[in-house]
$ cat structure.cif   # mmCIF, C-alpha atoms and all ligand atoms
data_run
loop_
_atom_site.label_atom_id
_atom_site.label_comp_id
_atom_site.auth_asym_id
_atom_site.auth_seq_id
_atom_site.Cartn_x
_atom_site.Cartn_y
_atom_site.Cartn_z
CA MET A 28 10.68 -34.28 -0.49
CA LYS A 29 11.08 -32.09 -3.54
CA ALA A 30 13.04 -28.87 -4.04
CA THR A 31 14.41 -26.68 -6.83
CA ALA A 32 17.53 -24.53 -6.84
CA ILE A 33 19.23 -22.14 -9.24
CA ALA A 34 22.98 -21.51 -9.41
CA ASN A 35 25.24 -19.50 -11.72
CA ALA A 36 28.44 -20.57 -13.47
CA ASN A 37 31.74 -19.01 -12.38
CA ILE A 38 35.06 -18.15 -14.01
CA ALA A 39 38.30 -18.29 -12.03
CA LEU A 40 40.71 -15.35 -11.83
CA VAL A 41 43.17 -17.55 -9.94
CA LYS A 42 42.74 -21.08 -11.25
CA TYR A 43 42.27 -24.42 -9.49
CA TRP A 44 44.42 -27.09 -11.15
CA GLY A 45 45.41 -30.16 -9.14
CA LYS A 46 44.07 -32.19 -6.21
CA ARG A 47 45.85 -33.22 -3.02
CA ASP A 48 42.95 -35.59 -2.30
CA LYS A 49 40.88 -36.95 -5.19
CA LYS A 50 38.17 -38.60 -3.10
CA LEU A 51 37.35 -35.53 -1.00
CA VAL A 52 38.21 -33.14 -3.87
CA LEU A 53 40.82 -31.17 -1.93
CA PRO A 54 42.91 -28.81 -4.05
CA TYR A 55 46.62 -28.09 -3.82
CA ASN A 56 45.92 -24.35 -4.11
CA SER A 57 43.21 -21.85 -3.22
CA SER A 58 41.37 -20.20 -6.12
CA ILE A 59 39.34 -17.03 -6.70
CA SER A 60 36.44 -16.57 -9.12
CA MET A 61 33.56 -14.38 -10.16
CA THR A 62 30.06 -15.85 -10.14
CA LEU A 63 28.48 -15.01 -13.50
CA ASP A 64 25.16 -13.20 -13.48
CA GLY A 65 22.61 -14.93 -15.73
CA LEU A 66 24.54 -18.05 -16.81
CA SER A 67 22.53 -20.42 -14.72
CA THR A 68 21.40 -23.97 -14.12
CA VAL A 69 18.05 -24.80 -12.53
CA THR A 70 17.72 -28.23 -10.92
CA THR A 71 14.75 -29.97 -9.31
CA VAL A 72 15.35 -33.00 -7.10
CA GLU A 73 12.67 -35.25 -5.67
CA PHE A 74 13.24 -38.20 -3.34
CA SER A 75 10.26 -40.54 -3.27
CA LYS A 76 9.24 -44.15 -2.67
CA LYS A 77 7.39 -43.99 -6.00
CA TYR A 78 10.72 -44.13 -7.85
CA GLU A 79 12.27 -47.57 -8.30
CA LYS A 80 15.58 -46.18 -9.52
CA ASP A 81 17.40 -42.87 -9.73
CA SER A 82 16.95 -40.93 -12.95
CA ILE A 83 18.66 -37.84 -14.30
CA ILE A 84 17.35 -35.66 -17.13
CA ILE A 85 19.66 -32.89 -18.31
CA ASN A 86 18.37 -30.37 -20.85
CA GLY A 87 15.56 -32.72 -21.84
CA LYS A 88 17.72 -35.82 -22.31
CA GLU A 89 17.95 -38.79 -19.96
CA LEU A 90 21.56 -39.27 -18.83
CA VAL A 91 22.85 -42.73 -19.67
CA LYS A 92 26.54 -42.43 -18.76
CA ASP A 93 27.01 -40.70 -15.42
CA GLU A 94 30.60 -39.58 -16.10
CA LYS A 95 30.55 -36.74 -13.58
CA GLY A 96 29.44 -38.90 -10.66
CA ILE A 97 26.09 -37.21 -10.09
CA LEU A 98 24.61 -40.35 -8.53
CA ASN A 99 27.61 -40.74 -6.21
CA HIS A 100 26.88 -37.24 -5.02
CA ILE A 101 23.18 -38.03 -4.53
CA GLU A 102 24.18 -41.13 -2.55
CA ARG A 103 26.46 -38.96 -0.38
CA ILE A 104 23.51 -36.67 0.38
CA ARG A 105 21.17 -39.63 1.04
CA ASN A 106 23.67 -41.02 3.54
CA LEU A 107 23.99 -37.66 5.30
CA ALA A 108 20.21 -37.32 5.56
CA ASN A 109 19.80 -41.00 6.44
CA ILE A 110 17.18 -41.61 3.77
CA LYS A 111 16.76 -44.45 1.27
CA GLU A 112 14.30 -43.03 -1.29
CA LYS A 113 15.35 -43.02 -4.93
CA SER A 114 15.52 -39.71 -6.75
CA LYS A 115 14.36 -37.98 -9.88
CA ILE A 116 16.64 -35.16 -11.00
CA VAL A 117 15.76 -32.72 -13.76
CA SER A 118 18.24 -30.02 -14.72
CA LYS A 119 18.29 -27.22 -17.29
CA SER A 120 21.06 -24.78 -18.15
CA ASN A 121 20.51 -21.60 -20.15
CA PHE A 122 23.93 -21.81 -21.83
CA PRO A 123 25.66 -24.41 -24.02
CA ILE A 124 26.90 -27.31 -21.91
CA ALA A 125 30.42 -28.51 -22.74
CA ALA A 126 31.27 -25.22 -24.41
CA GLY A 127 34.13 -24.73 -21.99
CA LEU A 128 31.78 -22.85 -19.74
CA ALA A 129 31.72 -24.32 -16.28
CA SER A 130 28.34 -26.08 -16.56
CA SER A 131 29.49 -28.62 -13.99
CA ALA A 132 30.01 -25.76 -11.52
CA SER A 133 26.49 -24.30 -11.77
CA GLY A 134 25.12 -27.84 -12.14
CA PHE A 135 26.67 -29.30 -8.99
CA ALA A 136 25.91 -26.15 -6.96
CA ALA A 137 22.20 -26.23 -7.94
CA LEU A 138 22.06 -30.02 -7.50
CA THR A 139 23.58 -29.94 -4.01
CA LEU A 140 21.32 -27.16 -2.77
CA ALA A 141 18.16 -28.72 -4.26
CA ALA A 142 18.99 -32.24 -3.06
CA THR A 143 19.90 -31.19 0.51
CA LYS A 144 16.70 -29.16 0.76
CA ALA A 145 14.62 -32.06 -0.65
CA ALA A 146 16.30 -34.39 1.86
CA LYS A 147 15.46 -31.92 4.64
CA LEU A 148 19.09 -31.26 5.57
CA GLU A 149 19.68 -27.78 6.95
CA LEU A 150 23.17 -26.65 5.95
CA ASN A 151 24.72 -23.21 6.33
CA GLU A 152 26.52 -21.71 3.33
CA LYS A 153 29.96 -22.88 4.46
CA ASP A 154 28.85 -26.49 4.88
CA LEU A 155 26.97 -26.34 1.59
CA THR A 156 30.20 -25.33 -0.19
CA ILE A 157 32.06 -28.21 1.50
CA LEU A 158 29.43 -30.72 0.36
CA THR A 159 29.23 -29.22 -3.15
CA ARG A 160 33.04 -29.36 -3.42
CA GLN A 161 32.90 -33.15 -3.11
CA GLY A 162 30.79 -33.28 -6.27
CA SER A 163 33.03 -30.94 -8.25
CA GLY A 164 35.71 -28.59 -6.97
CA SER A 165 34.93 -25.44 -8.91
CA ALA A 166 31.22 -25.86 -8.06
CA SER A 167 31.93 -24.93 -4.43
CA ARG A 168 32.59 -21.38 -5.68
CA SER A 169 29.22 -21.20 -7.52
CA VAL A 170 27.39 -21.52 -4.18
CA CYS A 171 28.52 -17.99 -3.24
CA GLU A 172 27.75 -14.56 -4.71
CA GLY A 173 29.98 -11.94 -6.32
CA PHE A 174 33.73 -12.55 -6.07
CA VAL A 175 34.55 -15.77 -4.25
CA GLU A 176 37.57 -17.51 -2.73
CA TRP A 177 37.76 -21.29 -2.29
CA TYR A 178 40.32 -22.01 0.42
CA LYS A 179 42.55 -24.99 -0.16
CA GLY A 180 42.54 -25.87 3.54
CA ASP A 181 45.20 -27.97 5.27
CA LYS A 182 43.22 -30.62 7.11
CA ASP A 183 42.95 -34.18 5.82
CA ASP A 184 39.19 -34.33 6.38
CA GLY A 185 38.54 -31.27 4.17
CA SER A 186 36.65 -29.37 6.88
CA ASP A 187 38.69 -26.20 6.21
CA SER A 188 38.45 -26.36 2.40
CA TYR A 189 35.36 -24.23 1.75
CA ALA A 190 34.32 -21.23 -0.34
CA GLU A 191 33.06 -17.80 0.71
CA SER A 192 32.37 -14.43 -0.89
CA ILE A 193 35.23 -11.93 -0.74
CA VAL A 194 32.76 -9.16 -1.66
CA ASN A 195 29.09 -9.28 -2.67
CA LYS A 196 27.92 -8.78 -6.25
CA ASN A 197 27.20 -5.07 -5.79
CA HIS A 198 30.73 -4.23 -4.65
CA TRP A 199 32.08 -4.04 -8.20
CA ASN A 200 29.18 -4.17 -10.61
CA GLU A 201 31.18 -2.51 -13.42
CA PHE A 202 33.33 -5.66 -13.83
CA ARG A 203 32.51 -7.61 -17.00
CA MET A 204 33.47 -11.00 -18.34
CA ILE A 205 32.72 -11.47 -22.04
CA THR A 206 32.90 -15.15 -22.99
CA ALA A 207 33.84 -15.63 -26.63
CA ILE A 208 32.69 -19.08 -27.74
CA VAL A 209 34.84 -20.50 -30.53
CA THR A 210 33.60 -24.10 -30.49
CA LYS A 211 30.70 -26.11 -29.14
CA THR A 212 32.39 -29.48 -29.33
CA GLU A 213 33.23 -31.33 -26.14
CA LYS A 214 36.84 -31.18 -25.00
CA LYS A 215 38.99 -34.29 -25.41
CA VAL A 216 40.70 -34.17 -22.00
CA SER A 217 38.44 -33.55 -19.00
CA SER A 218 39.64 -31.15 -16.31
CA ARG A 219 39.56 -33.98 -13.80
CA SER A 220 41.94 -36.26 -15.68
CA GLY A 221 44.01 -33.37 -17.07
CA MET A 222 44.82 -31.93 -13.66
CA ALA A 223 45.75 -35.37 -12.32
CA GLN A 224 48.15 -35.84 -15.24
CA THR A 225 49.69 -32.43 -14.57
CA VAL A 226 50.28 -33.16 -10.87
CA ASN A 227 51.93 -36.48 -11.81
CA THR A 228 54.09 -35.41 -14.73
CA CYS A 229 54.57 -31.64 -15.04
CA PRO A 230 58.04 -30.48 -13.90
CA TYR A 231 56.75 -26.93 -13.27
CA TYR A 232 53.93 -27.86 -10.91
CA LYS A 233 56.12 -27.06 -7.88
CA CYS A 234 56.76 -23.59 -9.28
CA TRP A 235 52.99 -23.04 -9.78
CA LEU A 236 52.44 -23.78 -6.10
CA GLU A 237 55.37 -21.60 -5.01
CA THR A 238 54.02 -18.55 -6.87
CA ILE A 239 50.29 -18.91 -6.25
CA ASP A 240 50.10 -17.01 -2.94
CA ARG A 241 51.28 -13.81 -4.59
CA ASP A 242 48.60 -14.14 -7.33
CA LEU A 243 45.92 -14.77 -4.70
CA GLU A 244 46.99 -11.76 -2.64
CA LEU A 245 47.08 -9.41 -5.66
CA ILE A 246 43.65 -10.53 -6.89
CA ARG A 247 42.05 -10.48 -3.42
CA ASN A 248 43.31 -6.94 -2.77
CA GLY A 249 42.58 -5.85 -6.34
CA ILE A 250 38.94 -6.94 -5.95
CA LYS A 251 38.58 -5.19 -2.60
CA ASN A 252 40.10 -1.95 -4.01
CA ARG A 253 38.38 -2.29 -7.42
CA ASP A 254 41.82 -2.09 -9.05
CA PHE A 255 40.99 -3.34 -12.56
CA SER A 256 44.57 -3.19 -13.89
CA SER A 257 45.93 -5.29 -11.06
CA VAL A 258 43.13 -7.89 -11.22
CA GLY A 259 43.29 -8.10 -15.03
CA GLN A 260 47.07 -8.36 -15.27
CA THR A 261 47.30 -10.94 -12.51
CA ALA A 262 44.39 -13.04 -13.81
CA GLU A 263 45.87 -13.09 -17.33
CA TYR A 264 49.27 -14.07 -15.98
CA ASN A 265 47.78 -16.79 -13.75
CA CYS A 266 45.85 -18.21 -16.73
CA LEU A 267 49.01 -18.32 -18.85
CA LYS A 268 50.86 -20.07 -16.03
CA MET A 269 48.11 -22.72 -15.83
CA HIS A 270 48.23 -23.28 -19.60
CA ALA A 271 52.02 -23.53 -19.39
CA LEU A 272 51.49 -26.39 -16.91
CA MET A 273 48.98 -28.05 -19.23
CA ILE A 274 51.28 -27.78 -22.26
CA THR A 275 54.20 -29.26 -20.32
CA THR A 276 52.17 -32.17 -18.96
CA LYS A 277 52.88 -35.65 -20.38
CA PRO A 278 51.15 -36.28 -22.74
CA PRO A 279 50.70 -32.53 -23.43
CA ILE A 280 47.26 -31.00 -22.98
CA ILE A 281 46.81 -28.22 -25.51
CA TYR A 282 43.33 -26.70 -25.36
CA TRP A 283 44.02 -23.71 -27.62
CA THR A 284 42.98 -23.46 -31.26
CA PRO A 285 43.89 -20.76 -33.83
CA ALA A 286 40.69 -18.91 -32.77
CA THR A 287 41.98 -18.83 -29.17
CA MET A 288 45.18 -17.16 -30.34
CA GLU A 289 43.22 -14.76 -32.55
CA ILE A 290 41.35 -13.47 -29.46
CA ILE A 291 44.53 -13.24 -27.38
CA ASP A 292 46.05 -11.06 -30.14
CA PHE A 293 42.86 -9.00 -30.28
CA VAL A 294 42.99 -8.28 -26.52
CA ARG A 295 46.61 -7.18 -26.77
CA GLU A 296 45.80 -4.90 -29.72
CA GLN A 297 42.96 -3.30 -27.78
CA ARG A 298 45.32 -2.52 -24.93
CA GLU A 299 47.81 -0.97 -27.34
CA GLU A 300 44.98 1.27 -28.55
CA GLY A 301 44.26 2.32 -24.95
CA ILE A 302 41.15 0.19 -24.37
CA GLU A 303 41.90 -1.73 -21.20
CA CYS A 304 40.97 -5.42 -21.28
CA TYR A 305 42.54 -8.75 -20.32
CA PHE A 306 41.85 -12.41 -21.11
CA THR A 307 41.50 -15.64 -19.22
CA ILE A 308 41.02 -19.16 -20.57
CA ASP A 309 39.79 -22.31 -18.81
CA ALA A 310 40.26 -25.95 -19.78
CA GLY A 311 39.12 -25.39 -23.35
CA PRO A 312 39.62 -23.09 -26.36
CA ASN A 313 37.05 -20.39 -25.47
CA VAL A 314 38.40 -17.07 -24.24
CA ILE A 315 36.91 -14.82 -21.57
CA VAL A 316 37.66 -11.13 -22.08
CA MET A 317 37.60 -9.02 -18.92
CA CYS A 318 36.76 -5.32 -19.14
CA LEU A 319 34.84 -2.57 -17.37
CA LYS A 320 31.23 -1.69 -18.21
CA LYS A 321 32.27 1.54 -19.95
CA ASN A 322 34.14 -0.49 -22.62
CA GLU A 323 31.77 -3.46 -22.81
CA LYS A 324 29.85 -2.50 -25.98
CA LYS A 325 32.90 -1.37 -27.95
CA ILE A 326 34.88 -4.52 -27.14
CA ASN A 327 31.94 -6.87 -27.64
CA LYS A 328 31.20 -5.47 -31.09
CA LYS A 329 34.77 -5.92 -32.35
CA LEU A 330 35.12 -9.32 -30.64
CA SER A 331 31.93 -10.60 -32.29
CA GLU A 332 33.33 -9.62 -35.70
CA LEU A 333 36.42 -11.83 -35.39
CA GLY A 334 36.36 -14.79 -37.79
CA GLY A 335 36.74 -17.50 -35.15
CA VAL A 336 34.12 -16.20 -32.71
CA MET A 337 30.74 -17.96 -32.90
CA LYS A 338 28.97 -16.17 -30.07
CA THR A 339 29.68 -13.87 -27.13
CA ILE A 340 28.02 -13.76 -23.71
CA ILE A 341 28.45 -10.74 -21.43
CA CYS A 342 28.19 -11.20 -17.65
CA GLY A 343 28.64 -9.09 -14.55
CA PRO A 344 28.97 -10.41 -10.98
CA GLY A 345 26.02 -12.63 -10.00
CA ASP A 346 24.13 -14.25 -7.15
CA GLY A 347 25.02 -17.38 -5.25
CA ALA A 348 22.86 -20.52 -5.30
CA LYS A 349 19.24 -20.04 -4.24
CA ILE A 350 16.12 -22.09 -3.62
CA ILE A 351 13.25 -21.18 -5.97
CA ASP A 352 9.56 -22.12 -5.90
CA LYS A 353 9.05 -23.12 -9.52
CA HIS A 354 9.80 -26.84 -10.00
CA LEU A 355 10.86 -28.29 -13.36
CA PHE A 356 8.42 -31.24 -12.98
C1 LIG A 401 38.93 -23.37 -12.40
N1 LIG A 401 38.98 -25.40 -13.84
O1 LIG A 401 39.48 -22.91 -11.39
C2 LIG A 401 39.74 -24.33 -13.24
C3 LIG A 401 40.41 -23.66 -14.38
C4 LIG A 401 39.30 -25.59 -15.21
C5 LIG A 401 40.42 -24.66 -15.50
O2 LIG A 401 37.97 -25.93 -11.95
O3 LIG A 401 37.53 -32.64 -10.79
O4 LIG A 401 35.38 -29.36 -13.15
O5 LIG A 401 35.20 -31.75 -10.69
O6 LIG A 401 36.95 -30.88 -9.15
O7 LIG A 401 35.92 -28.31 -10.91
C6 LIG A 401 37.57 -27.39 -13.68
O8 LIG A 401 37.65 -28.40 -12.73
O9 LIG A 401 37.08 -30.40 -11.62
C7 LIG A 401 38.19 -26.21 -13.10
P1 LIG A 401 36.67 -31.46 -10.51
P2 LIG A 401 36.37 -29.09 -12.08
O10 LIG A 401 37.78 -23.03 -12.75
#
$ encode --input "structure.cif" --output "structure tokens"
Amino acid sequence: MKATAIANANIALVKYWGKRDKKLVLPYNSSISMTLDGLSTVTTVEFSKKYEKDSIIINGKELVKDEKGILNHIERIRNLANIKEKSKIVSKSNFPIAAGLASSASGFAALTLAATKAAKLELNEKDLTILTRQGSGSASRSVCEGFVEWYKGDKDDGSDSYAESIVNKNHWNEFRMITAIVTKTEKKVSSRSGMAQTVNTCPYYKCWLETIDRDLELIRNGIKNRDFSSVGQTAEYNCLKMHALMITTKPPIIYWTPATMEIIDFVREQREEGIECYFTIDAGPNVIVMCLKKNEKKINKKLSELGGVMKTIICGPGDGAKIIDKHLF
């Protein structure tokens, strides 16, 4: 009862921010993302009678405080498979965890696939995204390849809130996301508590929900038609709307630092010079610059030279979660 899976991180073009059901992790709005080629987490899960308790080792360190509810998720899978065996979980990411990159997305996607396989559950992709979603919302999108939509669904039981690919990774392989890392320190407000505060206190949350369908439609069509200007403009606008919600939450959640603003200015300058690129920012200060392959090198070079940028990582569209043969233990 042992299996290993690999899953990639993802970055949203239309963001998920707010839950209508916290227990089942049901969002108020649908979201769209790109799965990032090469930013991956590998996770091995074994259920066995030889283990007296569950253990989790992430990047070589035993986890003492299970803040993300990994063991809750394992218990959910044990209940589904009707097994009692304790587990050993070993997980490794090839990118800095807590750098504002969605390590919980690749982590929960790899964990769910590996654990279900180890528990001998046979799930199709849709059901795997539904189960993964209950561990962490954005992780449901990392199960699928290329450009992905996670439907908010309307049902109370969450059975229609799942993720699926809009197009596969080869549909638009010129699309690039360059992540500019400006800090490696952990954020003070987690996405989970931040979005709950926004739903409860932000006066503009209603407006976010009223305008989201248009953003989703523009991005969905833009991806299908490979319309970079439309996808870039809409993604940038949607990101700014989400940060406007965060800033007007009580108490305010301000993830930006001067380095964040430096990169925003840089992107706007590039556009003025005729080099098309756009930015998006998640729940942290790092900035993701979107461009096409033909401009990737030029933009990356200048971006890397900015004072506040520690490191850049370039990604195209990537694979969904997969089972692999090589176990971590
Ligand atoms: C997103 N984020 O769509 C948005 C943009 C952060 C900003 O999804 O509570 O870690 O585990 O469902 O998935 C981060 O939220 O939150 C997130 P939970 P999650 O990528």
$ residues_near_ligand --input "structure.cif" --ligand "ligand LIG 401 (chain A)" --cutoff "10 Å" --atoms "all atoms listed in the file" --output "short mmCIF file (atom, residue, chain, number, x, y, z; two decimals) with C-alpha atoms, in the frame of the given file"
data_model
loop_
_atom_site.label_atom_id
_atom_site.label_comp_id
_atom_site.auth_asym_id
_atom_site.auth_seq_id
_atom_site.Cartn_x
_atom_site.Cartn_y
_atom_site.Cartn_z
CA ALA A 36 28.44 -20.57 -13.47
CA ASN A 37 31.74 -19.01 -12.38
CA ILE A 38 35.06 -18.15 -14.01
CA ALA A 39 38.30 -18.29 -12.03
CA LEU A 40 40.71 -15.35 -11.83
CA VAL A 41 43.17 -17.55 -9.94
CA LYS A 42 42.74 -21.08 -11.25
CA TYR A 43 42.27 -24.42 -9.49
CA TRP A 44 44.42 -27.09 -11.15
CA GLY A 45 45.41 -30.16 -9.14
CA LYS A 46 44.07 -32.19 -6.21
CA LYS A 49 40.88 -36.95 -5.19
CA LYS A 50 38.17 -38.60 -3.10
CA LEU A 51 37.35 -35.53 -1.00
CA VAL A 52 38.21 -33.14 -3.87
CA LEU A 53 40.82 -31.17 -1.93
CA PRO A 54 42.91 -28.81 -4.05
CA ASN A 56 45.92 -24.35 -4.11
CA SER A 57 43.21 -21.85 -3.22
CA SER A 58 41.37 -20.20 -6.12
CA ILE A 59 39.34 -17.03 -6.70
CA SER A 60 36.44 -16.57 -9.12
CA MET A 61 33.56 -14.38 -10.16
CA LYS A 95 30.55 -36.74 -13.58
CA GLY A 96 29.44 -38.90 -10.66
CA GLY A 127 34.13 -24.73 -21.99
CA LEU A 128 31.78 -22.85 -19.74
CA ALA A 129 31.72 -24.32 -16.28
CA SER A 130 28.34 -26.08 -16.56
CA SER A 131 29.49 -28.62 -13.99
CA ALA A 132 30.01 -25.76 -11.52
CA PHE A 135 26.67 -29.30 -8.99
CA THR A 159 29.23 -29.22 -3.15
CA ARG A 160 33.04 -29.36 -3.42
CA GLN A 161 32.90 -33.15 -3.11
CA GLY A 162 30.79 -33.28 -6.27
CA SER A 163 33.03 -30.94 -8.25
CA GLY A 164 35.71 -28.59 -6.97
CA SER A 165 34.93 -25.44 -8.91
CA ALA A 166 31.22 -25.86 -8.06
CA SER A 167 31.93 -24.93 -4.43
CA ARG A 168 32.59 -21.38 -5.68
CA TRP A 177 37.76 -21.29 -2.29
CA SER A 217 38.44 -33.55 -19.00
CA SER A 218 39.64 -31.15 -16.31
CA ARG A 219 39.56 -33.98 -13.80
CA SER A 220 41.94 -36.26 -15.68
CA GLY A 221 44.01 -33.37 -17.07
CA MET A 222 44.82 -31.93 -13.66
CA ALA A 223 45.75 -35.37 -12.32
CA CYS A 266 45.85 -18.21 -16.73
CA MET A 269 48.11 -22.72 -15.83
CA HIS A 270 48.23 -23.28 -19.60
CA MET A 273 48.98 -28.05 -19.23
CA THR A 307 41.50 -15.64 -19.22
CA ILE A 308 41.02 -19.16 -20.57
CA ASP A 309 39.79 -22.31 -18.81
CA ALA A 310 40.26 -25.95 -19.78
CA GLY A 311 39.12 -25.39 -23.35
#
$ closest_residue --input "structure.cif" --among "A:Val314, A:Ile193, A:Ala262, A:Ile250" --to "Met337 in chain A" --atoms "all atoms listed in the file"
A:Val314
$ atom_distance --input "structure.cif" --atom1 "CA of Glu89 in chain A" --atom2 "CA of Ser114 in chain A"
13.5 Å
$ axis_aligned_box --input "structure.cif" --around "range 93-109 of chain A" --padding-each-side "4 Å" --output "JSON"
{"center_x": 25.2, "center_y": -38.9, "center_z": -4.8, "size_x": 18.8, "size_y": 12.5, "size_z": 30.5}
$ atom_distance --input "structure.cif" --atom1 "CA of Val336 in chain A" --atom2 "CA of Asn35 in chain A"
23.0 Å
$ closest_residue --input "structure.cif" --among "A:Ser256, A:Ser133, A:Thr261, A:Thr70" --to "Phe202 in chain A" --atoms "all atoms listed in the file"
A:Ser256
$ closest_residue --input "structure.cif" --among "A:Asp64, A:Glu201, A:Asp184, A:Asp48" --to "Ile33 in chain A" --atoms "only C-alpha atoms"
A:Asp64
$ closest_residue --input "structure.cif" --among "A:Thr225, A:Asn313, A:Thr71, A:Asn265" --to "Ile239 in chain A" --atoms "all atoms listed in the file"
A:Asn265
$ residues_around --input "structure.cif" --residues "Asn197 in chain A" --least-positions-apart "4" --cutoff "10 Å" --atoms "only C-alpha atoms" --output "list in words"
Glu172, Gly173, Phe174, Glu201, Gly343, Pro344, Gly345 and Asp346 of chain A
$ closest_residue --input "structure.cif" --among "A:Ile246, A:Cys234, A:Ala137, A:Cys318" --to "Leu272 in chain A" --atoms "only C-alpha atoms"
A:Cys234
$ residues_near_point --input "structure.cif" --point "(19.2, -34.7, -1.0)" --cutoff "12 Å" --atoms "all atoms listed in the file" --output "ChimeraX atom specification"
/A:28-32,70-75,97-116,137-150,155,158-159
$ residues_around --input "structure.cif" --residues "range 288-303 of chain A" --least-positions-apart "2" --cutoff "12 Å" --atoms "all atoms listed in the file" --output "PyMOL selection string"
chain A and resi 202-203+205-209+255-260+263+266-267+282-286+305-308+312-327+329-336+339
$ atom_distance --input "structure.cif" --atom1 "CA of Ala190 in chain A" --atom2 "CA of Leu63 in chain A"
15.7 Å
$ closest_residue --input "structure.cif" --among "A:Lys153, A:Lys88, A:Lys338, A:Lys328" --to "Thr210 in chain A" --atoms "all atoms listed in the file"
A:Lys338
$ residues_near_point --input "structure.cif" --point "(58.3, -32.9, -17.4)" --cutoff "10 Å" --atoms "all atoms listed in the file" --output "list in words"
Thr225, Asn227, Thr228, Cys229, Pro230, Tyr231, Tyr232, Leu272, Ile274, Thr275, Thr276, Lys277, Pro278 and Pro279 of chain A
$ build_atoms --input "structure.cif" --residues "range 98-103 of chain A" --atoms "all heavy atoms" --output "compact mmCIF listing (two decimals), in the coordinates of the input"
# COMPACT_ATOMS: atom_id res chain seq x y z
N LEU A 98 25.30 -39.42 -9.44
CA LEU A 98 24.61 -40.35 -8.53
C LEU A 98 25.44 -40.65 -7.27
O LEU A 98 24.88 -40.87 -6.20
CB LEU A 98 24.24 -41.65 -9.26
CG LEU A 98 23.09 -41.47 -10.26
CD1 LEU A 98 22.74 -42.78 -10.93
CD2 LEU A 98 21.85 -40.87 -9.59
N ASN A 99 26.74 -40.64 -7.41
CA ASN A 99 27.61 -40.74 -6.21
C ASN A 99 27.31 -39.62 -5.25
O ASN A 99 27.28 -39.79 -4.03
CB ASN A 99 29.08 -40.56 -6.62
CG ASN A 99 29.78 -41.89 -6.70
OD1 ASN A 99 29.27 -42.88 -6.20
ND2 ASN A 99 30.95 -41.88 -7.33
N HIS A 100 27.13 -38.43 -5.83
CA HIS A 100 26.88 -37.24 -5.02
C HIS A 100 25.51 -37.34 -4.35
O HIS A 100 25.36 -37.01 -3.17
CB HIS A 100 26.98 -36.00 -5.92
CG HIS A 100 27.15 -34.73 -5.17
ND1 HIS A 100 28.19 -34.52 -4.27
CD2 HIS A 100 26.41 -33.58 -5.16
CE1 HIS A 100 28.07 -33.30 -3.76
NE2 HIS A 100 27.01 -32.72 -4.27
N ILE A 101 24.53 -37.83 -5.09
CA ILE A 101 23.18 -38.03 -4.53
C ILE A 101 23.24 -39.05 -3.38
O ILE A 101 22.62 -38.87 -2.33
CB ILE A 101 22.20 -38.48 -5.65
CG1 ILE A 101 21.87 -37.28 -6.55
CG2 ILE A 101 20.94 -39.11 -5.10
CD1 ILE A 101 21.04 -36.18 -5.88
N GLU A 102 24.04 -40.10 -3.58
CA GLU A 102 24.18 -41.13 -2.55
C GLU A 102 24.83 -40.53 -1.28
O GLU A 102 24.43 -40.84 -0.16
CB GLU A 102 25.03 -42.29 -3.10
CG GLU A 102 25.07 -43.54 -2.26
CD GLU A 102 23.69 -44.15 -1.98
OE1 GLU A 102 22.72 -43.87 -2.71
OE2 GLU A 102 23.59 -44.89 -0.98
N ARG A 103 25.80 -39.65 -1.50
CA ARG A 103 26.46 -38.96 -0.38
C ARG A 103 25.42 -38.16 0.43
O ARG A 103 25.42 -38.19 1.66
CB ARG A 103 27.53 -38.03 -1.00
CG ARG A 103 28.47 -37.39 -0.03
CD ARG A 103 29.52 -36.54 -0.78
NE ARG A 103 30.49 -37.33 -1.52
CZ ARG A 103 30.77 -37.18 -2.81
NH1 ARG A 103 30.20 -36.26 -3.53
NH2 ARG A 103 31.66 -37.97 -3.39
